[in-house]
file coords.cif (mmCIF, C-alpha atoms)
data_my_file
loop_
_atom_site.group_PDB
_atom_site.id
_atom_site.type_symbol
_atom_site.label_atom_id
_atom_site.label_comp_id
_atom_site.auth_asym_id
_atom_site.auth_seq_id
_atom_site.Cartn_x
_atom_site.Cartn_y
_atom_site.Cartn_z
ATOM 1 C CA MET A 1 112.443 119.767 12.817
ATOM 2 C CA GLY A 2 110.319 116.697 13.323
ATOM 3 C CA LEU A 3 110.745 113.381 15.064
ATOM 4 C CA LYS A 4 110.518 110.010 13.365
ATOM 5 C CA SER A 5 109.096 106.933 15.088
ATOM 6 C CA TYR A 6 109.667 103.340 14.029
ATOM 7 C CA ARG A 7 107.587 100.201 13.808
ATOM 8 C CA PRO A 8 108.304 98.021 16.882
ATOM 9 C CA VAL A 9 109.719 95.099 14.932
ATOM 10 C CA THR A 10 112.688 94.965 17.338
ATOM 11 C CA PRO A 11 112.940 95.833 21.053
ATOM 12 C CA SER A 12 115.110 98.872 20.313
ATOM 13 C CA ASN A 13 112.600 100.254 17.798
ATOM 14 C CA ARG A 14 109.678 100.146 20.210
ATOM 15 C CA TYR A 15 110.360 103.497 21.880
ATOM 16 C CA LYS A 16 112.852 105.007 19.427
ATOM 17 C CA LEU A 17 112.343 108.669 18.473
ATOM 18 C CA LEU A 18 115.008 110.141 16.215
ATOM 19 C CA PRO A 19 115.167 113.401 14.235
ATOM 20 C CA ASP A 20 113.982 113.258 10.630
ATOM 21 C CA PHE A 21 116.590 115.827 9.444
ATOM 22 C CA GLU A 22 114.060 117.502 7.150
ATOM 23 C CA GLU A 23 115.634 120.918 7.743
ATOM 24 C CA VAL A 24 119.104 119.676 6.703
ATOM 25 C CA THR A 25 119.797 120.654 3.081
ATOM 26 C CA LYS A 26 123.536 119.954 2.806
ATOM 27 C CA SER A 27 125.101 116.612 3.744
ATOM 28 C CA GLU A 28 128.825 117.190 3.230
ATOM 29 C CA PRO A 29 130.554 119.783 5.467
ATOM 30 C CA GLU A 30 132.685 122.640 4.144
ATOM 31 C CA LYS A 31 136.240 121.282 4.171
ATOM 32 C CA SER A 32 137.874 124.660 4.704
ATOM 33 C CA LEU A 33 135.870 125.130 7.918
ATOM 34 C CA CYS A 34 136.615 121.703 9.424
ATOM 35 C CA ARG A 35 139.422 120.863 11.812
ATOM 36 C CA PRO A 36 140.578 117.514 13.261
ATOM 37 C CA LEU A 37 139.123 116.698 16.659
ATOM 38 C CA LYS A 38 141.085 114.490 19.013
ATOM 39 C CA LYS A 39 139.164 112.597 21.669
ATOM 40 C CA SER A 40 140.261 113.114 25.268
ATOM 41 C CA GLY A 41 138.223 110.389 26.960
ATOM 42 C CA GLY A 42 137.367 112.927 29.649
ATOM 43 C CA ARG A 43 141.022 113.301 30.675
ATOM 44 C CA ASN A 44 143.049 116.466 31.195
ATOM 45 C CA ASN A 45 146.647 117.172 30.158
ATOM 46 C CA GLN A 46 147.883 115.076 33.105
ATOM 47 C CA GLY A 47 145.926 112.015 32.041
ATOM 48 C CA ARG A 48 143.489 112.219 34.942
ATOM 49 C CA ILE A 49 139.753 111.802 34.418
ATOM 50 C CA THR A 50 138.111 115.168 35.019
ATOM 51 C CA CYS A 51 134.836 114.443 33.177
ATOM 52 C CA ARG A 52 133.395 111.019 33.852
ATOM 53 C CA HIS A 53 131.516 108.743 31.468
ATOM 54 C CA ARG A 54 133.333 109.895 28.330
ATOM 55 C CA GLY A 55 135.110 107.683 25.817
ATOM 56 C CA GLY A 56 134.817 105.945 22.463
ATOM 57 C CA GLY A 57 132.276 107.203 19.984
ATOM 58 C CA HIS A 58 132.268 107.869 16.276
ATOM 59 C CA LYS A 59 135.047 109.876 14.674
ATOM 60 C CA ARG A 60 134.201 113.548 14.215
ATOM 61 C CA LYS A 61 135.520 116.722 12.666
ATOM 62 C CA TYR A 62 135.080 120.051 14.400
ATOM 63 C CA ARG A 63 133.190 122.761 12.498
ATOM 64 C CA LEU A 64 134.488 126.301 13.058
ATOM 65 C CA ILE A 65 131.497 128.386 14.156
ATOM 66 C CA ASP A 66 131.571 132.179 13.861
ATOM 67 C CA PHE A 67 130.326 133.224 17.308
ATOM 68 C CA LYS A 68 131.788 136.753 17.010
ATOM 69 C CA ARG A 69 130.218 137.869 13.690
ATOM 70 C CA ASN A 70 133.024 140.388 13.091
ATOM 71 C CA ARG A 71 132.075 141.258 9.510
ATOM 72 C CA ARG A 72 129.824 144.237 10.108
ATOM 73 C CA ASP A 73 127.173 145.603 7.727
ATOM 74 C CA GLU A 74 127.841 142.931 5.105
ATOM 75 C CA ALA A 75 124.920 140.846 3.942
ATOM 76 C CA ALA A 76 125.644 137.133 3.697
ATOM 77 C CA LYS A 77 123.481 134.564 1.961
ATOM 78 C CA VAL A 78 122.493 131.250 3.542
ATOM 79 C CA ILE A 79 123.509 128.470 1.161
ATOM 80 C CA GLY A 80 122.860 125.431 3.344
ATOM 81 C CA ILE A 81 121.646 124.028 6.669
ATOM 82 C CA GLU A 82 123.872 121.254 8.033
ATOM 83 C CA TYR A 83 124.030 118.722 10.836
ATOM 84 C CA ASP A 84 126.809 119.256 13.374
ATOM 85 C CA PRO A 85 127.832 116.192 15.431
ATOM 86 C CA ASN A 86 129.511 118.429 18.038
ATOM 87 C CA ARG A 87 126.373 120.278 19.182
ATOM 88 C CA SER A 88 122.630 119.829 19.530
ATOM 89 C CA ALA A 89 121.738 122.739 17.224
ATOM 90 C CA ARG A 90 121.899 122.796 13.447
ATOM 91 C CA ILE A 91 124.388 125.091 11.736
ATOM 92 C CA ALA A 92 123.959 127.317 8.689
ATOM 93 C CA LEU A 93 126.601 127.850 6.010
ATOM 94 C CA ILE A 94 126.644 131.485 4.877
ATOM 95 C CA GLU A 95 128.552 133.101 2.008
ATOM 96 C CA TYR A 96 129.626 136.759 1.771
ATOM 97 C CA PRO A 97 129.854 138.713 -1.513
ATOM 98 C CA ASP A 98 133.627 138.031 -1.699
ATOM 99 C CA LYS A 99 132.879 134.245 -1.612
ATOM 100 C CA GLN A 100 134.161 133.830 1.941
ATOM 101 C CA ARG A 101 132.133 131.260 3.839
ATOM 102 C CA SER A 102 131.496 130.684 7.536
ATOM 103 C CA TYR A 103 129.213 128.752 9.854
ATOM 104 C CA ILE A 104 126.665 130.259 12.236
ATOM 105 C CA LEU A 105 124.074 128.678 14.531
ATOM 106 C CA ALA A 106 120.874 128.100 12.591
ATOM 107 C CA PRO A 107 117.938 129.823 14.352
ATOM 108 C CA LYS A 108 114.357 128.682 14.032
ATOM 109 C CA GLY A 109 112.831 129.797 10.729
ATOM 110 C CA LEU A 110 116.100 130.438 8.872
ATOM 111 C CA GLU A 111 115.925 129.028 5.346
ATOM 112 C CA VAL A 112 118.260 128.637 2.408
ATOM 113 C CA GLY A 113 118.424 131.831 0.348
ATOM 114 C CA ALA A 114 117.824 134.187 3.259
ATOM 115 C CA GLU A 115 120.220 137.057 3.965
ATOM 116 C CA VAL A 116 121.777 137.659 7.379
ATOM 117 C CA THR A 117 123.729 140.710 8.523
ATOM 118 C CA ALA A 118 125.714 141.731 11.592
ATOM 119 C CA GLY A 119 125.908 145.362 12.691
ATOM 120 C CA GLU A 120 123.993 148.238 14.242
ATOM 121 C CA LYS A 121 121.969 148.786 11.060
ATOM 122 C CA ALA A 122 121.076 145.121 10.561
ATOM 123 C CA PRO A 123 117.355 144.247 10.321
ATOM 124 C CA VAL A 124 115.707 142.617 13.320
ATOM 125 C CA LYS A 125 115.068 139.168 11.864
ATOM 126 C CA PRO A 126 116.312 135.624 12.674
ATOM 127 C CA GLY A 127 120.020 135.146 12.045
ATOM 128 C CA CYS A 128 120.998 138.826 12.171
ATOM 129 C CA ALA A 129 123.380 139.975 14.937
ATOM 130 C CA LEU A 130 123.002 143.373 16.600
ATOM 131 C CA PRO A 131 124.298 145.080 19.750
ATOM 132 C CA LEU A 132 121.948 145.029 22.724
ATOM 133 C CA SER A 133 121.711 148.833 22.567
ATOM 134 C CA VAL A 134 119.604 148.778 19.368
ATOM 135 C CA ILE A 135 117.599 145.569 19.794
ATOM 136 C CA PRO A 136 113.964 146.306 20.753
ATOM 137 C CA THR A 137 113.030 145.268 24.287
ATOM 138 C CA GLY A 138 111.063 142.051 24.509
ATOM 139 C CA THR A 139 112.943 140.511 21.566
ATOM 140 C CA THR A 140 113.964 136.858 21.732
ATOM 141 C CA ILE A 141 117.726 136.481 21.235
ATOM 142 C CA HIS A 142 120.439 133.831 21.389
ATOM 143 C CA ASN A 143 124.245 133.570 21.103
ATOM 144 C CA VAL A 144 124.635 136.431 23.571
ATOM 145 C CA GLU A 145 128.023 137.899 24.478
ATOM 146 C CA LEU A 146 129.007 138.447 28.119
ATOM 147 C CA ALA A 147 131.819 140.845 27.221
ATOM 148 C CA PRO A 148 132.098 142.987 24.077
ATOM 149 C CA GLY A 149 134.064 141.232 21.349
ATOM 150 C CA ARG A 150 134.400 137.931 23.206
ATOM 151 C CA GLY A 151 131.842 136.096 21.094
ATOM 152 C CA GLY A 152 128.513 134.559 21.981
ATOM 153 C CA GLN A 153 128.499 132.368 25.089
ATOM 154 C CA ILE A 154 124.878 132.250 26.263
ATOM 155 C CA ALA A 155 121.930 130.338 24.702
ATOM 156 C CA ARG A 156 123.750 128.322 22.053
ATOM 157 C CA SER A 157 122.171 124.855 22.400
ATOM 158 C CA ALA A 158 119.067 123.585 20.611
ATOM 159 C CA GLY A 159 115.848 125.402 21.477
ATOM 160 C CA GLN A 160 117.516 127.905 23.827
ATOM 161 C CA SER A 161 116.858 131.640 23.887
ATOM 162 C CA CYS A 162 117.057 134.747 26.073
ATOM 163 C CA ILE A 163 114.735 137.740 26.340
ATOM 164 C CA LEU A 164 115.928 141.343 26.332
ATOM 165 C CA SER A 165 113.646 142.704 29.047
ATOM 166 C CA ASN A 166 114.947 146.219 29.737
ATOM 167 C CA ARG A 167 117.875 148.658 29.574
ATOM 168 C CA GLU A 168 119.384 150.700 32.412
ATOM 169 C CA GLY A 169 122.124 153.098 31.349
ATOM 170 C CA ASN A 170 124.999 151.187 29.761
ATOM 171 C CA TYR A 171 123.594 147.805 30.737
ATOM 172 C CA ALA A 172 120.745 145.677 29.435
ATOM 173 C CA LEU A 173 118.691 143.317 31.583
ATOM 174 C CA VAL A 174 118.603 139.915 29.902
ATOM 175 C CA LYS A 175 116.504 137.013 31.111
ATOM 176 C CA MET A 176 118.572 133.837 30.785
ATOM 177 C CA PRO A 177 117.194 130.413 29.779
ATOM 178 C CA SER A 178 117.430 129.396 33.454
ATOM 179 C CA GLY A 179 115.185 132.294 34.507
ATOM 180 C CA GLU A 180 118.057 134.332 35.936
ATOM 181 C CA ILE A 181 118.051 138.058 35.113
ATOM 182 C CA ARG A 182 121.540 139.443 34.467
ATOM 183 C CA LYS A 183 123.080 142.764 33.495
ATOM 184 C CA ILE A 184 125.035 142.697 30.224
ATOM 185 C CA HIS A 185 126.761 145.689 28.611
ATOM 186 C CA THR A 186 124.819 147.180 25.723
ATOM 187 C CA LYS A 187 127.861 146.954 23.420
ATOM 188 C CA CYS A 188 127.623 143.151 23.521
ATOM 189 C CA TYR A 189 126.203 141.523 20.420
ATOM 190 C CA ALA A 190 123.358 139.010 20.274
ATOM 191 C CA THR A 191 121.627 137.163 17.454
ATOM 192 C CA ILE A 192 117.897 137.481 16.820
ATOM 193 C CA GLY A 193 115.671 134.418 17.185
ATOM 194 C CA ILE A 194 115.533 131.051 18.920
ATOM 195 C CA VAL A 195 118.131 128.362 18.278
ATOM 196 C CA GLY A 196 116.633 125.734 15.979
ATOM 197 C CA ASN A 197 116.152 122.000 16.462
ATOM 198 C CA GLY A 198 113.923 122.631 19.466
ATOM 199 C CA GLN A 199 112.706 119.025 19.707
ATOM 200 C CA HIS A 200 116.184 117.734 20.426
ATOM 201 C CA GLU A 201 115.323 117.076 24.089
ATOM 202 C CA GLN A 202 112.544 114.684 23.026
ATOM 203 C CA VAL A 203 114.897 112.344 21.152
ATOM 204 C CA ILE A 204 114.917 108.790 22.549
ATOM 205 C CA SER A 205 117.897 106.629 21.608
ATOM 206 C CA ALA A 206 116.125 103.453 22.811
ATOM 207 C CA LYS A 207 119.331 101.435 22.919
ATOM 208 C CA ALA A 208 122.680 101.585 24.658
ATOM 209 C CA GLY A 209 124.611 101.238 21.408
ATOM 210 C CA ARG A 210 123.560 104.612 20.047
ATOM 211 C CA THR A 211 124.636 106.241 23.296
ATOM 212 C CA ARG A 212 128.071 104.667 22.891
ATOM 213 C CA TRP A 213 128.273 105.977 19.311
ATOM 214 C CA MET A 214 127.904 109.449 20.811
ATOM 215 C CA GLY A 215 130.910 108.899 23.077
ATOM 216 C CA ILE A 216 128.974 108.425 26.326
ATOM 217 C CA ARG A 217 130.053 105.545 28.574
ATOM 218 C CA PRO A 218 127.797 103.804 31.117
ATOM 219 C CA THR A 219 127.027 105.324 34.509
ATOM 220 C CA VAL A 220 127.262 103.051 37.554
ATOM 221 C CA ARG A 221 125.429 103.814 40.810
ATOM 222 C CA GLY A 222 127.644 104.658 43.757
ATOM 223 C CA MET A 223 125.557 102.316 45.879
ATOM 224 C CA CYS A 224 126.957 99.364 43.888
ATOM 225 C CA MET A 225 130.576 100.354 44.519
ATOM 226 C CA ASN A 226 132.986 99.638 47.344
ATOM 227 C CA PRO A 227 133.592 102.149 50.155
ATOM 228 C CA VAL A 228 137.000 102.994 48.671
ATOM 229 C CA ASP A 229 135.380 104.021 45.383
ATOM 230 C CA HIS A 230 132.349 106.021 46.507
ATOM 231 C CA PRO A 231 130.859 107.493 49.717
ATOM 232 C CA ASN A 232 127.638 105.527 49.114
ATOM 233 C CA GLY A 233 129.429 102.209 48.591
ATOM 234 C CA GLY A 234 129.756 99.237 50.919
ATOM 235 C CA GLY A 235 127.431 97.423 53.263
ATOM 236 C CA GLU A 236 126.152 93.865 53.326
ATOM 237 C CA GLY A 237 123.195 94.201 51.004
ATOM 238 C CA LYS A 238 121.138 97.326 51.513
ATOM 239 C CA SER A 239 122.443 98.185 54.962
ATOM 240 C CA LYS A 240 121.630 101.342 56.893
ATOM 241 C CA SER A 241 125.278 102.204 57.436
ATOM 242 C CA GLY A 242 126.260 102.082 53.776
ATOM 243 C CA GLY A 243 125.086 101.116 50.334
ATOM 244 C CA GLY A 244 123.299 104.380 49.606
ATOM 245 C CA ARG A 245 121.038 104.429 52.705
ATOM 246 C CA GLN A 246 122.850 107.431 54.137
ATOM 247 C CA HIS A 247 122.678 110.955 52.738
ATOM 248 C CA LEU A 248 123.340 110.953 48.986
ATOM 249 C CA LYS A 249 126.792 112.183 48.087
ATOM 250 C CA SER A 250 128.974 112.572 45.052
ATOM 251 C CA PRO A 251 132.306 110.705 44.723
ATOM 252 C CA TRP A 252 133.983 113.820 46.179
ATOM 253 C CA GLY A 253 131.694 114.036 49.203
ATOM 254 C CA HIS A 254 129.322 116.812 48.080
ATOM 255 C CA THR A 255 125.831 116.203 49.422
ATOM 256 C CA LYS A 256 122.878 116.313 47.072
ATOM 257 C CA GLY A 257 121.590 119.886 46.725
ATOM 258 C CA GLN A 258 124.759 121.487 48.069
ATOM 259 C CA ARG A 259 125.672 124.747 46.348
ATOM 260 C CA THR A 260 128.943 124.589 44.466
ATOM 261 C CA ARG A 261 129.099 128.209 43.267
ATOM 262 C CA GLN A 262 131.770 130.341 44.938
ATOM 263 C CA LYS A 263 130.448 132.309 47.881
ATOM 264 C CA TYR A 264 132.036 135.580 46.754
ATOM 265 C CA LYS A 265 132.302 135.912 42.985
ATOM 266 C CA GLY A 266 133.033 139.011 40.936
ATOM 267 C CA SER A 267 130.080 138.499 38.601
ATOM 268 C CA ASP A 268 127.558 138.538 41.472
ATOM 269 C CA LYS A 269 127.073 142.279 40.964
ATOM 270 C CA PHE A 270 125.653 141.632 37.489
ATOM 271 C CA ILE A 271 122.968 139.209 38.708
ATOM 272 C CA VAL A 272 119.708 141.059 39.325
ATOM 273 C CA GLU A 273 117.560 138.020 40.134
ATOM 274 C CA ARG A 274 118.773 134.473 40.685
ATOM 275 C CA ARG A 275 117.027 131.500 39.160
ATOM 276 C CA LYS A 276 116.743 129.613 42.464
ATOM 277 C CA ASN A 277 115.015 132.533 44.189
ATOM 278 C CA LYS A 278 112.403 132.577 41.446
ATOM 279 C CA LYS A 279 111.725 128.850 41.744
ATOM 280 C CA ARG A 280 111.165 129.171 45.480
ATOM 281 C CA ARG A 281 108.440 131.780 44.924
ATOM 282 C CA ARG A 282 106.434 129.291 42.907
#

call {"tool": "encode", "arguments": {"input": "coords.cif", "output": "structure tokens"}}
result
Amino acid sequence: MGLKSYRPVTPSNRYKLLPDFEEVTKSEPEKSLCRPLKKSGGRNNQGRITCRHRGGGHKRKYRLIDFKRNRRDEAAKVIGIEYDPNRSARIALIEYPDKQRSYILAPKGLEVGAEVTAGEKAPVKPGCALPLSVIPTGTTIHNVELAPGRGGQIARSAGQSCILSNREGNYALVKMPSGEIRKIHTKCYATIGIVGNGQHEQVISAKAGRTRWMGIRPTVRGMCMNPVDHPNGGGEGKSKSGGGRQHLKSPWGHTKGQRTRQKYKGSDKFIVERRKNKKRRR
């Protein structure tokens, strides 16, 4: 993937950096793998806003991604790389010998015509899915399962990857994208390689309109609000008693930097090294 800059003939083009889509080989999605996607506007089933700054945006269709890779020891051929509006990564359309098609996340280096396989005997190359018990240590992986058969949940966005560092009995030590080291059962499957479209984080929209096309609404500072709307609101001008001059808080009163993870959580026993502890050592 590359980024495309524009001549600054307009104010919005001056800093614009957008993907050039050179890796995309197929423009129209597979109809049998698309489903209607209804917009929620950030609201739950009771109509209350649970995710702020969502709404509007271009109409989309959801692409069914095969995160489980249940068809074992069957080679599938990559017939196209597509753009997916629902995620930052590109997706690959694969076809099995019986003409069944499915979508998978397109790792870096996967090209049209390549063969991908899922199973214990699959080759260790980008796009192939194997259990953690047979993947060589030190291998870069993505789309990692947390429980056998649940489907990949870790390292699915553009440019993300994990590293299989070691194995201890029935568990493998996997280094997460955040730097955390976690135990995962060796029966869990993972896909070889790094998720493609790694330059996604360098994209610059350069105008508010493109952000609205993506379904993102504006964010207003709490300091500009009234006391009834935000803990940082109120005050005559920039006063010391209000208006953001006190300790920074969220609309629900959480102070900046406060830990929100549960104090006692069942998955704590699988965490070997936390990401925050590692950052403090630096």

call {"tool": "closest_atom_pairs", "arguments": {"input": "coords.cif", "of": "stretch 127-227 of chain A", "to": "stretch 89-98 of chain A", "cutoff": "9 Å", "atoms": "all atoms listed in the file", "output": "tab-separated table"}}
result
residue	atom	partner	partner_atom	distance
A:Arg156	CA	A:Ala89	CA	7.7
A:Ser157	CA	A:Ala89	CA	5.6
A:Ala158	CA	A:Ala89	CA	4.4
A:Gly159	CA	A:Ala89	CA	7.7
A:Val195	CA	A:Ala89	CA	6.8
A:Gly196	CA	A:Ala89	CA	6.0
A:Asn197	CA	A:Ala89	CA	5.7
A:Gly198	CA	A:Ala89	CA	8.1
A:His200	CA	A:Ala89	CA	8.1

call {"tool": "residues_around", "arguments": {"input": "coords.cif", "residues": "A:Ala190", "least_positions_apart": "2", "cutoff": "10 Å", "atoms": "only C-alpha atoms", "output": "MDAnalysis selection string"}}
result
chainID A and resid 67:69 118 127:132 135 140:146 151:155 162 164 186:188 192:193

call {"tool": "resolve_selection", "arguments": {"input": "coords.cif", "expression": "the PyMOL selection byres ((chain A and resi 222) around 8)", "output": "VMD selection string"}}
result
chain A and resid 220 to 221 223 to 225 229 to 233 243 to 244 251

call {"tool": "closest_residue", "arguments": {"input": "coords.cif", "among": "A:Ile216, A:Leu64, A:Val24, A:Cys51", "to": "A:Val112", "atoms": "all atoms listed in the file"}}
result
A:Val24

call {"tool": "atom_distance", "arguments": {"input": "coords.cif", "atom1": "atom CA of A:Ser40", "atom2": "atom CA of A:Ser102"}}
result
26.5 Å

call {"tool": "resolve_selection", "arguments": {"input": "coords.cif", "expression": "the PyMOL selection byres ((chain A and resi 27-36) around 7)", "output": "number ranges by chain"}}
result
A: 25-26, 37-38, 61-64, 82

call {"tool": "residues_near_point", "arguments": {"input": "coords.cif", "point": "(119.4, 136.2, 2.0)", "cutoff": "10 Å", "atoms": "all atoms listed in the file", "output": "mmCIF file with C-alpha atoms, in the coordinates of the input"}}
result
data_model
loop_
_atom_site.group_PDB
_atom_site.id
_atom_site.type_symbol
_atom_site.label_atom_id
_atom_site.label_comp_id
_atom_site.auth_asym_id
_atom_site.auth_seq_id
_atom_site.Cartn_x
_atom_site.Cartn_y
_atom_site.Cartn_z
ATOM 1 C CA ALA A 75 124.920 140.846 3.942
ATOM 2 C CA ALA A 76 125.644 137.133 3.697
ATOM 3 C CA LYS A 77 123.481 134.564 1.961
ATOM 4 C CA VAL A 78 122.493 131.250 3.542
ATOM 5 C CA ILE A 79 123.509 128.470 1.161
ATOM 6 C CA ILE A 94 126.644 131.485 4.877
ATOM 7 C CA GLU A 95 128.552 133.101 2.008
ATOM 8 C CA LEU A 110 116.100 130.438 8.872
ATOM 9 C CA GLU A 111 115.925 129.028 5.346
ATOM 10 C CA VAL A 112 118.260 128.637 2.408
ATOM 11 C CA GLY A 113 118.424 131.831 0.348
ATOM 12 C CA ALA A 114 117.824 134.187 3.259
ATOM 13 C CA GLU A 115 120.220 137.057 3.965
ATOM 14 C CA VAL A 116 121.777 137.659 7.379
ATOM 15 C CA THR A 117 123.729 140.710 8.523
#

call {"tool": "atom_distance", "arguments": {"input": "coords.cif", "atom1": "atom CA of A:Arg259", "atom2": "atom CA of A:Lys276"}}
result
10.9 Å

call {"tool": "build_atoms", "arguments": {"input": "coords.cif", "residues": "stretch 243-267 of chain A", "atoms": "N, CA and C atoms", "output": "tab-separated table (two decimals), in the frame of the given file"}}
result
chain	number	residue	atom	x	y	z
A	243	GLY	N	125.88	101.58	51.46
A	243	GLY	CA	125.09	101.12	50.33
A	243	GLY	C	124.03	102.08	49.86
A	244	GLY	N	124.22	103.38	50.11
A	244	GLY	CA	123.30	104.38	49.61
A	244	GLY	C	122.17	104.72	50.55
A	245	ARG	N	122.12	104.12	51.77
A	245	ARG	CA	121.04	104.43	52.70
A	245	ARG	C	121.32	105.69	53.51
A	246	GLN	N	122.55	106.18	53.45
A	246	GLN	CA	122.85	107.43	54.14
A	246	GLN	C	122.56	108.60	53.19
A	247	HIS	N	122.93	109.80	53.58
A	247	HIS	CA	122.68	110.96	52.74
A	247	HIS	C	123.42	110.80	51.41
A	248	LEU	N	122.75	111.11	50.31
A	248	LEU	CA	123.34	110.95	48.99
A	248	LEU	C	124.50	111.92	48.81
A	249	LYS	N	125.59	111.38	48.30
A	249	LYS	CA	126.79	112.18	48.09
A	249	LYS	C	127.38	111.89	46.72
A	250	SER	N	128.23	112.79	46.28
A	250	SER	CA	128.97	112.57	45.05
A	250	SER	C	130.27	111.84	45.40
A	251	PRO	N	131.04	111.37	44.42
A	251	PRO	CA	132.31	110.70	44.72
A	251	PRO	C	133.28	111.58	45.50
A	252	TRP	N	133.08	112.91	45.48
A	252	TRP	CA	133.98	113.82	46.18
A	252	TRP	C	133.40	114.29	47.50
A	253	GLY	N	132.25	113.75	47.90
A	253	GLY	CA	131.69	114.04	49.20
A	253	GLY	C	130.68	115.15	49.24
A	254	HIS	N	130.32	115.75	48.09
A	254	HIS	CA	129.32	116.81	48.08
A	254	HIS	C	127.93	116.20	48.26
A	255	THR	N	127.17	116.71	49.21
A	255	THR	CA	125.83	116.20	49.42
A	255	THR	C	124.89	116.70	48.35
A	256	LYS	N	123.83	115.95	48.11
A	256	LYS	CA	122.88	116.31	47.07
A	256	LYS	C	122.19	117.63	47.42
A	257	GLY	N	122.19	118.59	46.49
A	257	GLY	CA	121.59	119.89	46.72
A	257	GLY	C	122.55	120.93	47.26
A	258	GLN	N	123.79	120.53	47.54
A	258	GLN	CA	124.76	121.49	48.07
A	258	GLN	C	125.17	122.47	46.98
A	259	ARG	N	125.28	123.74	47.33
A	259	ARG	CA	125.67	124.75	46.35
A	259	ARG	C	127.17	124.66	46.10
A	260	THR	N	127.54	124.68	44.84
A	260	THR	CA	128.94	124.59	44.47
A	260	THR	C	129.49	125.90	43.92
A	261	ARG	N	128.63	126.91	43.74
A	261	ARG	CA	129.10	128.21	43.27
A	261	ARG	C	129.91	128.89	44.37
A	262	GLN	N	130.94	129.62	43.98
A	262	GLN	CA	131.77	130.34	44.94
A	262	GLN	C	130.92	131.33	45.73
A	263	LYS	N	131.24	131.46	47.01
A	263	LYS	CA	130.45	132.31	47.88
A	263	LYS	C	130.58	133.77	47.50
A	264	TYR	N	131.79	134.20	47.18
A	264	TYR	CA	132.04	135.58	46.75
A	264	TYR	C	132.64	135.54	45.35
A	265	LYS	N	131.86	135.96	44.37
A	265	LYS	CA	132.30	135.91	42.98
A	265	LYS	C	132.11	137.28	42.36
A	266	GLY	N	133.06	137.67	41.50
A	266	GLY	CA	133.03	139.01	40.94
A	266	GLY	C	131.80	139.30	40.11
A	267	SER	N	131.23	138.27	39.48
A	267	SER	CA	130.08	138.50	38.60
A	267	SER	C	128.77	138.57	39.37
